[in-house]
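**Q** Could you have a look at this structure, given as structure tokens, before my questions?
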Amino acid sequence: MKKKILIVGGGTAGTMTANNLAKKLMPEIDRDELEITLISNSKYHYYKPGAMYVAFGKSEGYEFVRDQRALLMSEINFEVEEATEISTNGNFVKTKKGKKFDYDFLVLATGCEVAPERIPGLSEAGDWFYTYEGATKLAKKFHDIKKGRVLVTVNFPKTPNIPHQCGIAPVETTMMLHDFLTERGVRDDIEIIYTYPTVAQSVTNGLFMQEPTSNVLPSIFDSLGVKHQSGFTLSKVDAKKKVAISAEGEEIEFDILMSTPPFTATKFIRESGISQALDDEGWLPTDKETLKVKGLDNVYTLGDTVDLPVSKAGGTVHNQTDVVADNIASELRHGYTSESYDGLVIAIAQMGLSCGMPLWYNYDKDVAPTPCSKLGSFVRKGFNKGIYWAAARGMV
Amino acid sequence: MSEKVEVLKTKEMQELEAKMTMLIQTGRIDNLIDLMALISDNIEMTTSPMVEKMIHTVDNLASAGFITDNAVRYAKRETAKNEVPSLFGILKLMGDEDTRKGLSFMLNLTKGIGKQL
Ligand SMILES: Cc1cc2nc3c(=O)[nH]c(=O)nc-3n(C[C@H](O)[C@H](O)[C@H](O)COP(=O)(O)OP(=O)(O)OC[C@H]3O[C@@H](n4cnc5c(N)ncnc54)[C@H](O)[C@@H]3O)c2cc1C
């Protein structure tokens, strides 16, 4: 009987994994013993970090969108279907249109989504760059503001030791904002305040979710004239008065509130009954080494939907995808897994509009801050505008 | 009266000095400095638009490679699976939507090349 691998989610994780699996399992595909199917609720594939550049008027956005089909090897079946239900006993996934997809191996890669409604007033008064729509709105505000205050706030999941999407993004965008306002000639009249919650993954009262970076940030922000404050856990926003209120009891007025809102796993995963994360956040219980969903022997997960303590970033997915593909291939061929994920994350942070900082870490080692450089920024921009698509196709 | 000044060197500085001494003694340091200057000049002279255009070209090549690679693998598999089609078989193949899509692409590609000749 033909074996079936089903991948749900056509983002960074689903696309890379589908292509890597097709490459690894080509002999089985050639012998007509295996079928790989990817379903996604969108015909399009979005390179999400691109939204950051849209927020500062440095990109239009269309450069970061492609047809999902064009990114998949021709051996992969692709269907635009929204998964709504999963039966881990019956080994199938059901979709909104009523279709049923059976599987021998399942990969859950539906990412995460912003949930600003979890903080009263934030949806009305806040802005974020984590969606293209939000980034476009923010770009207009950043373009128009002449004087006043931009307040940056960051929110972490309630489930302990789990980061928000792309850990370094709030730092990156604060520095990009400084450069952007300087370019516009209005920086002197606009105050930027970067705040961080009291509890941020494993760090308490810091400015970043890892200690070494948290320690160097004050001097970096000081040199840019960016005010910074820890211990500000956003709990409410008075949209009329434009005041952000923290759980610690402090109030800060703002003209623009650039926020990293709460994130949750997608609705499909939250309603799947598999997660036990706090506050119905939906993170999938993931074996940190095999990347299997705990308790389910033929279900894997990776990317933003996992409950691992590593950054929810493309630079994480790039390392996880090979582990998932190797393990599924090995299970199909030999009946056991062969690879283990060590928590490796590799990325280049955009520290300002023209400085790139390479960073890497794993389960055991925190990020060691490195100097940012013009060359690093070129590599980052090159990745955004081209190399990403080759990576998604499993070419690099 | 002159005083001898002793500079305390860290372990790292001592190691660096030993390595550098070797480079100087073997005459290689000049080449390295040249190379560093060349790389540094290139970084200074490169602009973001230049990088974007370069990457766009790389992306086009990668996309073309990906499409060709997929198409060749598919064609090889199909050819191996089926017998060489008769003339009628070829006509039947032309009835298939994907074949017609590919064919019209090839014809437009030919036209695109023609436009440049
Ligand atoms: C502004 C911003 C900046 C970032 N910066 C960086 C950075 O600098 N470096 C870095 O490495 N990472 C960065 N990231 C993070 C990176 O984009 C994500 O970590 C990555 O996209 C996660 O991949 P994923 O496949 O898990 O999720 P996604 O890429 O979000 O893909 C999820 C997919 O699932 C589909 N889907 C959802 N629900 C369903 C359903 N029910 N049925 C079917 N399909 C469904 C969606 O359509 C989507 O295709 C950034 C993200 C943002 C938003």
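Order determines the names: the first chain of the structure tokens is A, the second B, and so forth; residues in each chain are numbered 1 upward, and ligands are numbered 1 upward as they are shown.
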Residues of chain B near chain A: apply a cut-off of 7 Å, count only C-alpha atoms, and supply the list as a PyMOL selection string.

**A** chain B and resi 43+48+51-52+55-56+59+62+70

**Q** May I have the residues within 6 Å of region 198-211 of chain A as a list in words, using only C-alpha atoms and disregarding those fewer than 3 positions away in the same chain?

**A**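 Contacts, with the query itself left out: Asn161, Ile162, Pro163, Ser214, Ser230 and Gly231 of chain A.
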
**Q** Please produce a file of the residues just selected, as a tab-separated table (two decimals), in the first residue's frame, where the atoms kept are all heavy atoms.

**A**
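Contents of out-v8.tsv, as written:
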chain	number	residue	atom	x	y	z
A	161	ASN	N	8.33	29.88	29.58
A	161	ASN	CA	9.51	29.59	28.78
A	161	ASN	C	9.27	29.47	27.27
A	161	ASN	O	9.99	28.77	26.57
A	161	ASN	CB	10.20	28.32	29.30
A	161	ASN	CG	11.70	28.43	29.13
A	161	ASN	OD1	12.23	29.52	28.88
A	161	ASN	ND2	12.39	27.31	29.22
A	162	ILE	N	8.24	30.16	26.78
A	162	ILE	CA	7.98	30.16	25.34
A	162	ILE	C	8.08	31.59	24.82
A	162	ILE	O	7.49	32.50	25.42
A	162	ILE	CB	6.60	29.56	25.03
A	162	ILE	CG1	6.62	28.08	25.43
A	162	ILE	CG2	6.24	29.71	23.56
A	162	ILE	CD1	5.42	27.32	25.04
A	163	PRO	N	8.82	31.79	23.74
A	163	PRO	CA	8.98	33.16	23.24
A	163	PRO	C	7.83	33.61	22.34
A	163	PRO	O	7.03	32.78	21.89
A	163	PRO	CB	10.26	33.07	22.42
A	163	PRO	CG	10.30	31.66	21.93
A	163	PRO	CD	9.61	30.82	22.96
A	214	SER	N	20.56	40.92	26.73
A	214	SER	CA	19.87	41.84	27.63
A	214	SER	C	20.89	42.78	28.30
A	214	SER	O	20.63	43.97	28.49
A	214	SER	CB	19.14	41.01	28.69
A	214	SER	OG	18.45	41.82	29.56
A	230	SER	N	12.69	48.24	31.79
A	230	SER	CA	12.20	46.87	31.97
A	230	SER	C	11.03	46.93	32.97
A	230	SER	O	10.72	47.99	33.51
A	230	SER	CB	13.31	45.95	32.46
A	230	SER	OG	13.72	46.38	33.73
A	231	GLY	N	10.40	45.78	33.22
A	231	GLY	CA	9.31	45.75	34.19
A	231	GLY	C	8.05	46.43	33.70
A	231	GLY	O	7.30	46.99	34.50

**Q** Hey, which of A:Val226, A:Val243, A:Ile328, A:Ile348 ends up closest to ligand 1? Count only C-alpha atoms and all ligand atoms.

**A**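 Once distances to ligand 1 are computed over only C-alpha atoms and all ligand atoms, the minimum belongs to A:Ile348.
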
**Q** Please find the residues contacting ligand 1 at a distance of at most 7 Å between atoms, with only C-alpha atoms and all ligand atoms counted, and report them as an MDAnalysis selection string.

**A** chainID A and resid 8:14 39:42 45 47:52 81:84 109:112 129:131 165:166 169 266:268 302:305 312:317 347:349

**Q** Name the residues of region 307-376 of chain A that fall into alpha helix (DSSP H) according to DSSP on the backbone, using the chain letters and numbers of this document, as a PDB file with C-alpha atoms, in the first residue's frame.

**A**
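What follows is the written file states_0.pdb:
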ATOM      1  CA  GLY A 314      12.735  31.090  10.015  1.00  0.00           C
ATOM      2  CA  GLY A 315      16.334  30.612  11.137  1.00  0.00           C
ATOM      3  CA  THR A 316      15.004  27.973  13.545  1.00  0.00           C
ATOM      4  CA  VAL A 317      12.817  26.265  10.962  1.00  0.00           C
ATOM      5  CA  HIS A 318      15.777  25.989   8.554  1.00  0.00           C
ATOM      6  CA  ASN A 319      17.520  23.709  11.076  1.00  0.00           C
ATOM      7  CA  GLN A 320      14.430  21.836  12.261  1.00  0.00           C
ATOM      8  CA  THR A 321      13.228  20.886   8.784  1.00  0.00           C
ATOM      9  CA  ASP A 322      16.161  18.563   8.070  1.00  0.00           C
ATOM     10  CA  VAL A 323      15.614  16.759  11.357  1.00  0.00           C
ATOM     11  CA  VAL A 324      11.922  16.204  10.588  1.00  0.00           C
ATOM     12  CA  ALA A 325      12.609  15.090   7.003  1.00  0.00           C
ATOM     13  CA  ASP A 326      15.437  12.751   8.077  1.00  0.00           C
ATOM     14  CA  ASN A 327      13.370  11.231  10.859  1.00  0.00           C
ATOM     15  CA  ILE A 328      10.321  10.573   8.695  1.00  0.00           C
ATOM     16  CA  ALA A 329      12.506   9.092   5.930  1.00  0.00           C
ATOM     17  CA  SER A 330      14.284   6.912   8.456  1.00  0.00           C
ATOM     18  CA  GLU A 331      11.028   5.769  10.083  1.00  0.00           C
ATOM     19  CA  LEU A 332       9.605   4.840   6.695  1.00  0.00           C
ATOM     20  CA  ARG A 333      12.690   2.914   5.712  1.00  0.00           C
ATOM     21  CA  HIS A 334      13.890   1.424   8.991  1.00  0.00           C
ATOM     22  CA  LYS A 374      27.369  46.609   6.583  1.00  0.00           C
ATOM     23  CA  LEU A 375      28.314  43.245   5.067  1.00  0.00           C
ATOM     24  CA  GLY A 376      25.951  41.500   7.501  1.00  0.00           C
TER      25      GLY A 376
END

**Q** Enumerate as a tab-separated table (two decimals) with all heavy atoms, in the first residue's frame all residues of region 163-212 of chain A assigned to strand (DSSP E or B) by DSSP on the backbone, naming them with the chain letters and numbers the document uses.

**A**
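Everything below was put into out19.tsv:
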chain	number	residue	atom	x	y	z
A	165	GLN	N	6.79	35.51	18.61
A	165	GLN	CA	7.37	35.27	17.28
A	165	GLN	C	8.59	36.16	17.05
A	165	GLN	O	8.55	37.35	17.33
A	165	GLN	CB	6.31	35.56	16.20
A	165	GLN	CG	6.78	35.13	14.82
A	165	GLN	CD	5.74	35.38	13.75
A	165	GLN	OE1	5.15	36.46	13.71
A	165	GLN	NE2	5.51	34.42	12.90
A	190	ILE	N	11.12	63.35	18.28
A	190	ILE	CA	10.33	62.15	18.61
A	190	ILE	C	11.08	61.28	19.61
A	190	ILE	O	12.23	60.89	19.39
A	190	ILE	CB	9.99	61.33	17.33
A	190	ILE	CG1	9.09	62.18	16.42
A	190	ILE	CG2	9.29	60.02	17.69
A	190	ILE	CD1	8.91	61.65	15.05
A	191	GLU	N	10.39	61.02	20.70
A	191	GLU	CA	10.99	60.19	21.75
A	191	GLU	C	10.65	58.72	21.45
A	191	GLU	O	9.51	58.40	21.11
A	191	GLU	CB	10.36	60.63	23.06
A	191	GLU	CG	10.97	60.02	24.29
A	191	GLU	CD	10.22	60.46	25.55
A	191	GLU	OE1	9.00	60.72	25.48
A	191	GLU	OE2	10.87	60.53	26.60
A	192	ILE	N	11.65	57.86	21.56
A	192	ILE	CA	11.37	56.42	21.41
A	192	ILE	C	11.61	55.77	22.78
A	192	ILE	O	12.67	55.94	23.38
A	192	ILE	CB	12.30	55.75	20.38
A	192	ILE	CG1	12.22	56.45	19.01
A	192	ILE	CG2	11.97	54.26	20.23
A	192	ILE	CD1	13.18	55.89	17.95
A	193	ILE	N	10.60	55.05	23.27
A	193	ILE	CA	10.78	54.32	24.53
A	193	ILE	C	10.58	52.83	24.27
A	193	ILE	O	9.51	52.41	23.81
A	193	ILE	CB	9.78	54.77	25.62
A	193	ILE	CG1	9.80	56.28	25.79
A	193	ILE	CG2	10.10	54.08	26.95
A	193	ILE	CD1	8.89	56.78	26.91
A	194	TYR	N	11.62	52.05	24.54
A	194	TYR	CA	11.56	50.60	24.39
A	194	TYR	C	11.29	50.00	25.77
A	194	TYR	O	12.04	50.26	26.72
A	194	TYR	CB	12.90	50.10	23.83
A	194	TYR	CG	13.10	48.60	23.82
A	194	TYR	CD1	12.90	47.86	22.66
A	194	TYR	CD2	13.55	47.92	24.96
A	194	TYR	CE1	13.12	46.49	22.63
A	194	TYR	CE2	13.76	46.55	24.95
A	194	TYR	CZ	13.54	45.84	23.79
A	194	TYR	OH	13.76	44.49	23.76
A	195	THR	N	10.19	49.25	25.89
A	195	THR	CA	9.91	48.63	27.19
A	195	THR	C	9.89	47.11	27.06
A	195	THR	O	9.69	46.58	25.96
A	195	THR	CB	8.54	49.08	27.75
A	195	THR	OG1	7.52	48.59	26.87
A	195	THR	CG2	8.45	50.58	27.86
A	199	VAL	N	8.59	39.46	33.19
A	199	VAL	CA	8.97	38.07	32.92
A	199	VAL	C	9.01	37.86	31.40
A	199	VAL	O	8.01	38.04	30.72
A	199	VAL	CB	7.96	37.08	33.55
A	199	VAL	CG1	8.35	35.65	33.23
A	199	VAL	CG2	7.89	37.28	35.04
A	200	ALA	N	10.20	37.55	30.92
A	200	ALA	CA	10.38	37.36	29.48
A	200	ALA	C	11.08	36.03	29.26
A	200	ALA	O	12.28	35.93	29.40
A	200	ALA	CB	11.21	38.49	28.91
A	203	VAL	N	14.19	35.13	31.35
A	203	VAL	CA	14.83	36.30	31.96
A	203	VAL	C	13.81	37.12	32.75
A	203	VAL	O	12.68	37.31	32.32
A	203	VAL	CB	15.47	37.19	30.86
A	203	VAL	CG1	15.93	38.52	31.42
A	203	VAL	CG2	16.65	36.46	30.22
A	204	THR	N	14.23	37.61	33.92
A	204	THR	CA	13.36	38.48	34.70
A	204	THR	C	13.98	39.87	34.76
A	204	THR	O	15.20	40.00	34.95
A	204	THR	CB	13.21	37.92	36.14
A	204	THR	OG1	12.89	36.53	36.03
A	204	THR	CG2	12.10	38.62	36.90

**Q** Record the distance separating CA of Gln229 (chain A) and CA of Val150 (chain A), expressed in Å with one decimal.

**A**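 Computed distance, CA of Gln229 (chain A) to CA of Val150 (chain A), equals 13.5 Å.
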